[in-house]
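*Asks:* File name input.cif; file contents mmCIF, C-alpha atoms; full text below.
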```cif
data_upload
#
loop_
_atom_site.label_atom_id
_atom_site.label_comp_id
_atom_site.auth_asym_id
_atom_site.auth_seq_id
_atom_site.Cartn_x
_atom_site.Cartn_y
_atom_site.Cartn_z
CA MET A 400 105.68 59.07 125.84
CA ASP A 401 102.10 58.09 124.90
CA TYR A 402 99.64 60.94 125.14
CA PRO A 403 96.01 60.24 126.06
CA SER A 404 94.75 62.58 123.34
CA LYS A 405 95.85 63.76 119.89
CA LEU A 406 94.95 67.32 120.94
CA ILE A 407 97.41 67.15 123.83
CA GLU A 408 100.08 65.57 121.63
CA ASN A 409 99.71 68.26 118.99
CA ALA A 410 99.77 71.08 121.57
CA VAL A 411 102.84 69.59 123.29
CA ASN A 412 104.69 69.26 119.97
CA GLN A 413 103.91 72.87 119.04
CA ILE A 414 104.83 74.31 122.45
CA ALA A 415 108.06 72.26 122.55
CA LYS A 416 109.20 73.97 119.32
CA LEU A 417 109.74 77.15 121.34
CA PRO A 418 113.37 77.71 122.35
CA GLY A 419 114.33 76.36 125.78
CA ILE A 420 111.07 74.44 126.27
CA GLY A 421 111.19 70.64 126.32
CA LYS A 422 108.39 68.08 126.09
CA LYS A 423 107.89 67.83 129.87
CA THR A 424 107.52 71.59 130.30
CA ALA A 425 105.30 71.71 127.21
CA LEU A 426 103.01 69.04 128.72
CA ARG A 427 102.89 70.95 131.99
CA LEU A 428 101.90 74.14 130.15
CA ALA A 429 99.27 72.34 128.05
CA LEU A 430 97.70 70.77 131.16
CA HIS A 431 97.79 74.16 132.88
CA LEU A 432 95.82 75.69 129.98
CA ILE A 433 93.24 72.88 130.14
CA ARG A 434 92.73 73.43 133.87
CA ASP A 435 92.80 77.23 133.62
CA LYS A 436 89.89 79.42 132.54
CA ALA A 437 89.11 79.24 128.81
CA GLU A 438 89.40 83.04 128.43
CA ASN A 439 93.05 82.89 129.48
CA THR A 440 93.85 80.61 126.54
CA THR A 441 91.85 82.95 124.27
CA ALA A 442 93.77 85.99 125.57
CA LEU A 443 97.10 84.20 125.07
CA THR A 444 96.39 83.01 121.53
CA GLU A 445 94.89 86.37 120.49
CA ALA A 446 97.98 88.18 121.81
CA LEU A 447 100.24 85.84 119.79
CA ILE A 448 98.13 86.09 116.61
CA ASN A 449 98.01 89.92 116.87
CA LEU A 450 101.72 90.03 117.60
CA ARG A 451 102.62 88.01 114.53
CA ALA A 452 100.09 89.66 112.20
CA LYS A 453 100.43 93.31 113.19
CA ILE A 454 104.02 93.70 114.35
CA ARG A 455 105.93 96.34 112.45
CA PHE A 456 109.53 97.41 112.30
CA CYS A 457 110.99 100.90 112.17
CA THR A 458 111.94 101.56 108.53
CA THR A 459 115.08 103.37 109.71
CA CYS A 460 116.54 101.21 112.49
CA ASN A 461 114.56 97.94 112.15
CA ASN A 462 113.56 98.02 115.83
CA ILE A 463 110.07 96.81 116.75
CA SER A 464 107.68 99.71 116.55
CA ASP A 465 103.97 100.49 116.42
CA GLU A 466 104.72 103.28 113.92
CA THR A 467 106.56 103.46 110.57
CA ILE A 468 109.47 105.21 112.29
CA CYS A 469 110.14 104.43 115.94
CA ALA A 470 110.14 106.92 118.82
CA ILE A 471 113.93 106.74 119.24
CA CYS A 472 114.67 107.54 115.56
CA LEU A 473 112.14 110.42 115.61
CA SER A 474 113.34 111.94 118.90
CA HIS A 475 115.14 115.30 118.71
CA LYS A 476 116.70 114.58 122.10
CA ARG A 477 118.70 111.66 120.74
CA ASP A 478 122.18 112.15 119.33
CA GLN A 479 121.86 111.20 115.64
CA ALA A 480 125.67 111.15 115.33
CA ILE A 481 126.14 107.93 117.36
CA LEU A 482 124.69 104.69 116.05
CA CYS A 483 124.59 101.56 118.20
CA VAL A 484 124.39 98.26 116.27
CA VAL A 485 122.63 95.47 118.19
CA GLU A 486 121.46 91.96 117.46
CA ASP A 487 117.93 92.19 118.69
CA ALA A 488 115.06 94.35 119.98
CA LYS A 489 115.71 93.03 123.48
CA ASP A 490 119.26 94.42 123.35
CA VAL A 491 117.79 97.87 122.61
CA MET A 492 115.56 97.48 125.67
CA ALA A 493 118.53 96.35 127.80
CA ILE A 494 120.72 99.31 126.71
CA GLU A 495 117.85 101.80 127.12
CA ASN A 496 117.47 100.46 130.67
CA THR A 497 121.05 101.50 131.52
CA SER A 498 120.32 105.21 130.68
CA GLN A 499 123.96 105.43 129.48
CA PHE A 500 123.28 105.82 125.78
CA ASN A 501 121.59 108.74 124.02
CA GLY A 502 122.28 107.90 120.39
CA VAL A 503 120.26 105.87 117.91
CA TYR A 504 120.18 102.18 117.07
CA HIS A 505 120.39 99.74 114.22
CA VAL A 506 118.84 96.33 114.89
CA LEU A 507 120.39 93.53 112.82
CA GLY A 508 117.71 90.96 113.60
CA GLY A 509 120.29 88.31 114.50
CA VAL A 510 124.00 87.54 114.20
CA ILE A 511 125.99 85.66 111.57
CA SER A 512 125.79 81.99 112.49
CA PRO A 513 126.77 79.41 109.85
CA MET A 514 125.72 76.63 112.27
CA ASN A 515 122.13 77.92 112.16
CA GLY A 516 122.28 78.87 108.49
CA VAL A 517 122.28 82.62 109.17
CA GLY A 518 124.46 84.55 106.73
CA PRO A 519 125.06 88.32 106.30
CA SER A 520 122.22 88.55 103.77
CA ASP A 521 119.71 87.31 106.38
CA LEU A 522 120.51 90.32 108.56
CA LYS A 523 119.94 94.08 108.18
CA ILE A 524 123.59 94.68 107.29
CA GLU A 525 122.96 96.05 103.77
CA SER A 526 120.46 98.54 105.19
CA LEU A 527 123.07 99.54 107.80
CA VAL A 528 125.71 100.13 105.12
CA SER A 529 123.35 102.16 102.92
CA ARG A 530 122.16 104.12 105.98
CA LEU A 531 125.79 105.04 106.72
CA ASN A 532 126.47 105.87 103.05
CA ARG A 533 123.50 108.22 102.70
CA SER A 534 124.64 111.78 101.94
CA GLU A 535 122.36 113.27 104.62
CA SER A 536 123.70 110.85 107.26
CA GLU A 537 124.87 112.60 110.44
CA ILE A 538 126.45 109.45 111.87
CA LYS A 539 130.03 109.95 113.11
CA GLU A 540 130.45 106.84 115.25
CA VAL A 541 129.23 103.25 115.04
CA ILE A 542 129.20 101.27 118.29
CA LEU A 543 129.13 97.51 117.72
CA ALA A 544 127.18 96.29 120.78
CA LEU A 545 127.03 92.58 119.99
CA SER A 546 127.27 89.68 122.45
CA PRO A 547 130.92 88.66 123.00
CA THR A 548 130.34 85.20 121.52
CA MET A 549 131.79 83.57 118.43
CA GLU A 550 128.78 84.66 116.37
CA GLY A 551 128.78 88.19 117.77
CA ASP A 552 132.51 88.61 117.12
CA THR A 553 132.15 87.25 113.59
CA THR A 554 129.33 89.69 112.90
CA ALA A 555 131.30 92.63 114.35
CA PHE A 556 134.32 91.65 112.23
CA TYR A 557 132.19 91.42 109.09
CA ILE A 558 130.46 94.77 109.68
CA ASN A 559 133.80 96.48 110.39
CA LYS A 560 135.18 95.12 107.13
CA ARG A 561 132.18 96.51 105.25
CA ILE A 562 132.30 100.00 106.79
CA LYS A 563 135.98 100.60 107.58
CA ASP A 564 136.52 102.74 104.46
CA LEU A 565 133.86 105.23 105.55
CA ALA A 566 135.10 108.13 107.63
CA LEU A 567 133.60 106.77 110.85
CA ARG A 568 134.79 105.94 114.32
CA VAL A 569 133.96 102.26 114.84
CA SER A 570 133.94 101.08 118.45
CA VAL A 571 132.95 97.97 120.36
CA ILE A 572 131.45 97.91 123.85
CA ALA A 573 133.98 97.12 126.59
CA ARG A 574 134.36 93.46 127.44
CA GLY A 575 133.20 93.95 130.98
CA ILE A 576 130.56 91.43 130.01
CA PRO A 577 131.72 87.86 130.68
CA ILE A 578 132.92 86.16 127.46
CA GLY A 579 130.44 83.57 126.28
CA GLY A 580 127.64 85.30 128.17
CA ASP A 581 124.47 86.60 126.62
CA LEU A 582 124.10 90.38 126.33
CA GLU A 583 120.49 90.51 127.50
CA TYR A 584 121.34 88.93 130.89
CA ALA A 585 124.11 91.36 131.83
CA ASP A 586 123.23 93.58 134.80
CA GLU A 587 122.61 97.27 134.10
CA ILE A 588 125.86 98.51 135.67
CA THR A 589 128.07 96.11 133.70
CA LEU A 590 126.21 96.90 130.50
CA GLY A 591 126.29 100.66 131.15
CA ARG A 592 130.05 100.57 131.92
CA SER A 593 130.68 98.58 128.76
CA ILE A 594 129.08 101.40 126.73
CA ILE A 595 131.12 104.12 128.51
CA GLY A 596 134.36 102.07 128.25
CA ARG A 597 134.08 101.19 124.57
CA THR A 598 137.38 100.86 122.65
CA LEU A 599 138.37 101.37 119.00
CA PHE A 600 137.77 98.35 116.78
CA THR A 601 141.13 96.83 115.91
CA MET B 316 110.87 97.48 131.43
CA ASP B 317 109.59 99.66 128.58
CA TYR B 318 108.49 97.70 125.55
CA PRO B 319 108.87 99.21 122.07
CA SER B 320 105.39 98.05 121.08
CA LYS B 321 102.01 97.44 122.76
CA LEU B 322 101.75 94.18 120.82
CA ILE B 323 104.97 92.92 122.40
CA GLU B 324 103.92 94.10 125.84
CA ASN B 325 100.56 92.34 125.58
CA ALA B 326 102.13 89.11 124.29
CA VAL B 327 104.78 89.17 127.05
CA ASN B 328 102.13 89.71 129.73
CA GLN B 329 100.04 86.82 128.43
CA ILE B 330 102.97 84.41 128.05
CA ALA B 331 104.30 85.33 131.51
CA LYS B 332 100.99 84.15 133.05
CA LEU B 333 102.02 80.57 132.27
CA PRO B 334 103.50 78.73 135.26
CA GLY B 335 107.30 78.91 135.55
CA ILE B 336 107.70 81.54 132.82
CA GLY B 337 108.91 85.01 133.82
CA LYS B 338 108.92 88.25 131.84
CA LYS B 339 112.43 87.76 130.42
CA THR B 340 111.63 84.28 129.09
CA ALA B 341 108.28 85.56 127.80
CA LEU B 342 110.05 88.34 125.90
CA ARG B 343 112.51 85.85 124.46
CA LEU B 344 109.65 83.61 123.28
CA ALA B 345 107.71 86.57 121.81
CA LEU B 346 110.78 87.76 119.87
CA HIS B 347 111.39 84.19 118.71
CA LEU B 348 107.86 84.04 117.28
CA ILE B 349 108.35 87.38 115.48
CA ARG B 350 111.58 86.15 113.88
CA ASP B 351 110.23 82.69 113.13
CA LYS B 352 108.00 81.76 110.17
CA ALA B 353 104.43 83.05 110.50
CA GLU B 354 102.99 79.55 109.97
CA ASN B 355 104.71 78.35 113.15
CA THR B 356 102.79 80.90 115.21
CA THR B 357 99.60 79.87 113.41
CA ALA B 358 100.28 76.19 114.13
CA LEU B 359 100.98 76.95 117.80
CA THR B 360 97.90 79.10 118.37
CA GLU B 361 95.64 76.68 116.46
CA ALA B 362 96.92 73.78 118.56
CA LEU B 363 96.17 75.73 121.76
CA ILE B 364 92.72 76.87 120.59
CA ASN B 365 91.81 73.32 119.51
CA LEU B 366 93.17 71.92 122.75
CA ARG B 367 91.07 74.22 124.89
CA ALA B 368 87.93 73.99 122.75
CA LYS B 369 87.83 70.29 121.95
CA ILE B 370 89.50 68.60 124.89
CA ARG B 371 87.28 65.98 126.54
CA PHE B 372 87.51 63.96 129.69
CA CYS B 373 86.63 60.31 130.25
CA THR B 374 83.22 60.25 131.95
CA THR B 375 84.39 57.35 134.11
CA CYS B 376 87.89 58.26 135.26
CA ASN B 377 88.17 61.98 134.29
CA ASN B 378 91.40 61.35 132.36
CA ILE B 379 91.96 63.33 129.17
CA SER B 380 90.47 61.39 126.28
CA ASP B 381 89.42 61.83 122.67
CA GLU B 382 86.40 59.60 123.36
CA THR B 383 83.56 59.67 125.92
CA ILE B 384 85.20 56.75 127.75
CA CYS B 385 88.96 56.43 127.60
CA ALA B 386 90.91 53.46 126.23
CA ILE B 387 92.09 52.38 129.70
CA CYS B 388 88.56 52.27 131.17
CA LEU B 389 87.27 50.36 128.11
CA SER B 390 90.12 47.84 127.98
CA HIS B 391 89.30 44.20 128.90
CA LYS B 392 92.98 43.63 129.63
CA ARG B 393 92.94 46.04 132.56
CA ASP B 394 92.14 44.84 136.07
CA GLN B 395 88.91 46.66 136.96
CA ALA B 396 89.36 45.62 140.63
CA ILE B 397 92.27 47.98 141.30
CA LEU B 398 91.74 51.72 141.08
CA CYS B 399 94.65 54.17 141.17
CA VAL B 400 93.79 57.71 142.29
CA VAL B 401 96.08 60.39 140.82
CA GLU B 402 96.22 64.15 140.77
CA ASP B 403 96.64 64.74 137.09
CA ALA B 404 96.66 63.33 133.55
CA LYS B 405 100.47 63.53 133.55
CA ASP B 406 100.59 61.21 136.56
CA VAL B 407 98.60 58.64 134.56
CA MET B 408 101.18 58.96 131.77
CA ALA B 409 104.06 58.61 134.24
CA ILE B 410 102.57 55.46 135.85
CA GLU B 411 101.68 53.93 132.47
CA ASN B 412 105.34 54.47 131.51
CA THR B 413 106.50 52.21 134.38
CA SER B 414 104.47 49.21 133.01
CA GLN B 415 103.96 48.19 136.67
CA PHE B 416 100.25 48.89 136.92
CA ASN B 417 97.43 47.11 135.10
CA GLY B 418 94.40 48.51 136.91
CA VAL B 419 92.29 51.57 136.16
CA TYR B 420 92.59 55.21 137.20
CA HIS B 421 90.69 58.05 138.73
CA VAL B 422 92.03 61.52 137.95
CA LEU B 423 91.20 64.11 140.63
CA GLY B 424 92.19 67.12 138.53
CA GLY B 425 94.30 68.57 141.34
CA VAL B 426 94.94 68.23 145.08
CA ILE B 427 93.40 69.96 148.08
CA SER B 428 95.33 73.20 148.54
CA PRO B 429 93.80 75.88 150.78
CA MET B 430 96.70 78.21 149.84
CA ASN B 431 95.54 78.14 146.20
CA GLY B 432 91.84 78.07 147.08
CA VAL B 433 91.37 74.44 145.98
CA GLY B 434 88.93 72.57 148.19
CA PRO B 435 87.52 69.00 147.94
CA SER B 436 84.53 70.24 145.92
CA ASP B 437 86.87 71.54 143.19
CA LEU B 438 88.19 68.02 142.63
CA LYS B 439 86.61 64.82 141.29
CA ILE B 440 86.27 63.35 144.80
CA GLU B 441 82.46 63.07 144.79
CA SER B 442 82.58 61.20 141.49
CA LEU B 443 85.22 58.88 143.00
CA VAL B 444 83.03 58.15 146.02
CA SER B 445 79.93 57.50 143.91
CA ARG B 446 81.98 55.35 141.53
CA LEU B 447 83.10 53.22 144.48
CA ASN B 448 79.55 53.09 145.91
CA ARG B 449 77.97 51.91 142.66
CA SER B 450 76.42 48.44 143.05
CA GLU B 451 78.06 47.15 139.86
CA SER B 452 81.51 48.37 140.99
CA GLU B 453 84.18 45.65 140.80
CA ILE B 454 86.75 47.75 142.67
CA LYS B 455 88.45 45.92 145.57
CA GLU B 456 91.42 48.17 146.14
CA VAL B 457 92.08 51.88 145.93
CA ILE B 458 95.69 53.01 145.53
CA LEU B 459 96.27 56.62 146.51
CA ALA B 460 99.11 57.64 144.18
CA LEU B 461 99.44 61.30 145.15
CA SER B 462 102.65 63.32 145.42
CA PRO B 463 104.16 63.05 148.94
CA THR B 464 103.69 66.75 149.61
CA MET B 465 101.55 68.54 152.19
CA GLU B 466 98.73 68.94 149.66
CA GLY B 467 98.98 65.33 148.44
CA ASP B 468 98.96 63.96 151.98
CA THR B 469 95.98 66.14 152.92
CA THR B 470 94.09 64.91 149.87
CA ALA B 471 94.95 61.24 150.62
CA PHE B 472 93.84 61.71 154.23
CA TYR B 473 90.55 63.30 153.14
CA ILE B 474 89.79 60.60 150.55
CA ASN B 475 90.58 57.84 153.06
CA LYS B 476 88.18 59.43 155.55
CA ARG B 477 85.44 59.48 152.89
CA ILE B 478 85.87 55.86 151.77
CA LYS B 479 87.16 54.02 154.85
CA ASP B 480 83.70 52.58 155.68
CA LEU B 481 83.47 50.84 152.29
CA ALA B 482 84.81 47.29 152.21
CA LEU B 483 87.93 48.29 150.28
CA ARG B 484 91.65 47.88 150.68
CA VAL B 485 93.06 51.42 150.66
CA SER B 486 96.79 51.67 149.97
CA VAL B 487 99.31 54.41 149.29
CA ILE B 488 102.31 54.14 146.97
CA ALA B 489 105.59 53.47 148.80
CA ARG B 490 107.52 56.53 149.84
CA GLY B 491 110.48 55.59 147.72
CA ILE B 492 109.83 58.93 146.09
CA PRO B 493 111.71 61.73 147.88
CA ILE B 494 109.41 63.64 150.25
CA GLY B 495 108.62 67.09 148.87
CA GLY B 496 109.37 65.95 145.33
CA ASP B 497 106.96 66.07 142.47
CA LEU B 498 105.50 62.76 141.27
CA GLU B 499 105.90 63.47 137.58
CA TYR B 500 109.69 63.88 137.86
CA ALA B 501 110.36 60.57 139.62
CA ASP B 502 112.33 58.11 137.51
CA GLU B 503 110.48 55.04 136.23
CA ILE B 504 112.18 52.54 138.56
CA THR B 505 111.44 54.54 141.70
CA LEU B 506 107.86 55.14 140.60
CA GLY B 507 107.39 51.46 139.59
CA ARG B 508 108.84 50.23 142.94
CA SER B 509 106.57 52.59 144.82
CA ILE B 510 103.56 50.93 143.18
CA ILE B 511 104.76 47.39 143.95
CA GLY B 512 105.75 48.37 147.52
CA ARG B 513 102.51 50.10 148.44
CA THR B 514 101.41 49.84 152.11
CA LEU B 515 98.02 49.90 153.88
CA PHE B 516 96.75 53.39 154.63
CA THR B 517 96.99 53.98 158.39
#
```
Could you take the file, read its structure, and then write that structure out as structure tokens?

*Replies:*
Amino acid sequence: MDYPSKLIENAVNQIAKLPGIGKKTALRLALHLIRDKAENTTALTEALINLRAKIRFCTTCNNISDETICAICLSHKRDQAILCVVEDAKDVMAIENTSQFNGVYHVLGGVISPMNGVGPSDLKIESLVSRLNRSESEIKEVILALSPTMEGDTTAFYINKRIKDLALRVSVIARGIPIGGDLEYADEITLGRSIIGRTLFT
Amino acid sequence: MDYPSKLIENAVNQIAKLPGIGKKTALRLALHLIRDKAENTTALTEALINLRAKIRFCTTCNNISDETICAICLSHKRDQAILCVVEDAKDVMAIENTSQFNGVYHVLGGVISPMNGVGPSDLKIESLVSRLNRSESEIKEVILALSPTMEGDTTAFYINKRIKDLALRVSVIARGIPIGGDLEYADEITLGRSIIGRTLFT
């Protein structure tokens, strides 16, 4: 496709780098921004720049947070004995939405995926292991709430291998979620049931 | 949905203002940017800021252009006697892709849409009429290449009413394109045929 302007071409190429957005959608978005009010583009770019520059992660659970330690880790109402391991901040949001879990989280920041060059060292697995090993740790159970995909299963298997010698109950969420599906798109009832119906890791 | 950070919430709200992007996709894109290299966010936002700040339009045809007058309007190889009226810069790109048209363009910048508050004065219709009225104008035919939707038809009808007293052949592209479809998604053969098979505006 020949673009009438280098500015358009550059914008389209940058937008199309985002996951799930192709060149046609990128062009549509770029032309929308040109037609739209200039302040909307300013608001969008400022939000993205601020996001990338100022975003912080909870030093305990690695969830996105505006503070050093997030509200969930600090809360006295949360059960510090149950730790839920998830891939991503959006999985925390999805599980919080079910109101079926009152423990704390550990956000891995991804799953093991050799295809995409993501190994265990790229994830917050070491920090999980040392968190569980800490003498003051109250954690009695680790729930592995990863998507039931190849990558999620591999990650769960790896984590279980690393922590199985600790005196912990290790569980996985029930496979009420369709295999091959993506955890964030499960409806709240299915996701809530899968937390209640968790089974021992075998 | 409760967001773990104001930065995320603000970014999601801004991204979700883009057409065809909902809150879930916006969240996915925001989390992708956080995980991705910082320079990719910088490249994206710079491309968008440059696009919005530096984008220019051809003073003749209103197409996106890096120059005051675009390459198509300046070209001696183009037939200055045939003018193709389109909604948008992406329609110019789609028609250029068919290699079936060698005339020049006039980009309206939208179509008449009372539902969205777009009237004739919001579009480059006056500049089209004065371009056609100019004494040095070589234009003999006007092709109305608008999407065969309610808004496109209304716009074609309005333009025809404004220019029907000029000694011009006014044609519309053949309705080989499915009614209700969007011009930019037509395949090249259908779109090319529709230019060859244009009929007199009735």

*Asks:* I'd like the interatomic distance between atom CA of A:Ile542 and atom CA of A:Val571, to a tenth of an Å.

*Replies:*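 Answer for the atom CA of A:Ile542 to atom CA of A:Val571 separation: 5.4 Å.
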
*Asks:* Quick check: residues of chain B within 6 Å of chain A, all atoms listed in the file, returned as a list in words.

*Replies:*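 The answer, sorted by residue number, is Pro319, Ser320, Leu322, Ala326, Gln329, Ile349, Leu359, Thr360, Ala362, Leu363, Leu366, Arg367, Ile379, Ser380 and Asp381 of chain B.
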
*Asks:* Can you spit out the residues from that selection as a CSV table (one decimal), keeping the file's coordinate frame, using C-alpha atoms?

*Replies:*
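Once written, out_5.csv looks like this:
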```
chain,number,residue,atom,x,y,z
B,319,PRO,CA,108.9,99.2,122.1
B,320,SER,CA,105.4,98.0,121.1
B,322,LEU,CA,101.8,94.2,120.8
B,326,ALA,CA,102.1,89.1,124.3
B,329,GLN,CA,100.0,86.8,128.4
B,349,ILE,CA,108.4,87.4,115.5
B,359,LEU,CA,101.0,77.0,117.8
B,360,THR,CA,97.9,79.1,118.4
B,362,ALA,CA,96.9,73.8,118.6
B,363,LEU,CA,96.2,75.7,121.8
B,366,LEU,CA,93.2,71.9,122.8
B,367,ARG,CA,91.1,74.2,124.9
B,379,ILE,CA,92.0,63.3,129.2
B,380,SER,CA,90.5,61.4,126.3
B,381,ASP,CA,89.4,61.8,122.7
```

*Asks:* Taking the file as shown, find all residues satisfying the PyMOL selection byres ((chain B and resi 410) around 12) and write them as number ranges by chain.

*Replies:* A: 400-401; B: 399-409, 411-420, 460-461, 488, 498-511

*Asks:* As an exercise, work out the distance from atom CA of A:His475 to atom CA of A:Val569 in Å and give it to one decimal place.

*Replies:*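 Separating atom CA of A:His475 from atom CA of A:Val569 is a distance of 23.2 Å.
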
*Asks:* I'd like the residues picked by the PyMOL selection byres ((chain A and resi 553-560) around 12) written out as number ranges by chain, using the chain letters and numbers from the file.

*Replies:* A: 483-486, 507-513, 517-528, 531, 540-552, 561-565, 567-572, 599-601

*Asks:* Selected residues, C-alpha atoms, written as a PDB file, keeping the file's coordinate frame, please.

*Replies:*
```pdb
ATOM      1  CA  CYS A 483     124.590 101.560 118.200  1.00  0.00           C
ATOM      2  CA  VAL A 484     124.390  98.260 116.270  1.00  0.00           C
ATOM      3  CA  VAL A 485     122.630  95.470 118.190  1.00  0.00           C
ATOM      4  CA  GLU A 486     121.460  91.960 117.460  1.00  0.00           C
ATOM      5  CA  LEU A 507     120.390  93.530 112.820  1.00  0.00           C
ATOM      6  CA  GLY A 508     117.710  90.960 113.600  1.00  0.00           C
ATOM      7  CA  GLY A 509     120.290  88.310 114.500  1.00  0.00           C
ATOM      8  CA  VAL A 510     124.000  87.540 114.200  1.00  0.00           C
ATOM      9  CA  ILE A 511     125.990  85.660 111.570  1.00  0.00           C
ATOM     10  CA  SER A 512     125.790  81.990 112.490  1.00  0.00           C
ATOM     11  CA  PRO A 513     126.770  79.410 109.850  1.00  0.00           C
ATOM     12  CA  VAL A 517     122.280  82.620 109.170  1.00  0.00           C
ATOM     13  CA  GLY A 518     124.460  84.550 106.730  1.00  0.00           C
ATOM     14  CA  PRO A 519     125.060  88.320 106.300  1.00  0.00           C
ATOM     15  CA  SER A 520     122.220  88.550 103.770  1.00  0.00           C
ATOM     16  CA  ASP A 521     119.710  87.310 106.380  1.00  0.00           C
ATOM     17  CA  LEU A 522     120.510  90.320 108.560  1.00  0.00           C
ATOM     18  CA  LYS A 523     119.940  94.080 108.180  1.00  0.00           C
ATOM     19  CA  ILE A 524     123.590  94.680 107.290  1.00  0.00           C
ATOM     20  CA  GLU A 525     122.960  96.050 103.770  1.00  0.00           C
ATOM     21  CA  SER A 526     120.460  98.540 105.190  1.00  0.00           C
ATOM     22  CA  LEU A 527     123.070  99.540 107.800  1.00  0.00           C
ATOM     23  CA  VAL A 528     125.710 100.130 105.120  1.00  0.00           C
ATOM     24  CA  LEU A 531     125.790 105.040 106.720  1.00  0.00           C
ATOM     25  CA  GLU A 540     130.450 106.840 115.250  1.00  0.00           C
ATOM     26  CA  VAL A 541     129.230 103.250 115.040  1.00  0.00           C
ATOM     27  CA  ILE A 542     129.200 101.270 118.290  1.00  0.00           C
ATOM     28  CA  LEU A 543     129.130  97.510 117.720  1.00  0.00           C
ATOM     29  CA  ALA A 544     127.180  96.290 120.780  1.00  0.00           C
ATOM     30  CA  LEU A 545     127.030  92.580 119.990  1.00  0.00           C
ATOM     31  CA  SER A 546     127.270  89.680 122.450  1.00  0.00           C
ATOM     32  CA  PRO A 547     130.920  88.660 123.000  1.00  0.00           C
ATOM     33  CA  THR A 548     130.340  85.200 121.520  1.00  0.00           C
ATOM     34  CA  MET A 549     131.790  83.570 118.430  1.00  0.00           C
ATOM     35  CA  GLU A 550     128.780  84.660 116.370  1.00  0.00           C
ATOM     36  CA  GLY A 551     128.780  88.190 117.770  1.00  0.00           C
ATOM     37  CA  ASP A 552     132.510  88.610 117.120  1.00  0.00           C
ATOM     38  CA  ARG A 561     132.180  96.510 105.250  1.00  0.00           C
ATOM     39  CA  ILE A 562     132.300 100.000 106.790  1.00  0.00           C
ATOM     40  CA  LYS A 563     135.980 100.600 107.580  1.00  0.00           C
ATOM     41  CA  ASP A 564     136.520 102.740 104.460  1.00  0.00           C
ATOM     42  CA  LEU A 565     133.860 105.230 105.550  1.00  0.00           C
ATOM     43  CA  LEU A 567     133.600 106.770 110.850  1.00  0.00           C
ATOM     44  CA  ARG A 568     134.790 105.940 114.320  1.00  0.00           C
ATOM     45  CA  VAL A 569     133.960 102.260 114.840  1.00  0.00           C
ATOM     46  CA  SER A 570     133.940 101.080 118.450  1.00  0.00           C
ATOM     47  CA  VAL A 571     132.950  97.970 120.360  1.00  0.00           C
ATOM     48  CA  ILE A 572     131.450  97.910 123.850  1.00  0.00           C
ATOM     49  CA  LEU A 599     138.370 101.370 119.000  1.00  0.00           C
ATOM     50  CA  PHE A 600     137.770  98.350 116.780  1.00  0.00           C
ATOM     51  CA  THR A 601     141.130  96.830 115.910  1.00  0.00           C
TER      52      THR A 601
END
```

*Asks:* Would you compute the distance between atom CA of B:Arg513 and atom CA of B:Ala489? Give it in Å to one decimal.

*Replies:*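 Taking atom CA of B:Arg513 and atom CA of B:Ala489, their separation equals 4.6 Å.
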
*Asks:* So, counting all atoms listed in the file, which residue among A:Val506, A:Ser529, A:Gly596, A:Cys460 is closest to A:Gln479?

*Replies:* A:Cys460

*Asks:* Draw an axis-aligned box tight on the listed atoms of stretch 578-593 of chain A, then pad every side by 5 Å and write out centre and edge lengths in Å to one decimal as lines of an AutoDock Vina configuration file.

*Replies:*
```
center_x = 126.7
center_y = 92.1
center_z = 131.0
size_x = 22.4
size_y = 27.1
size_z = 19.4
```
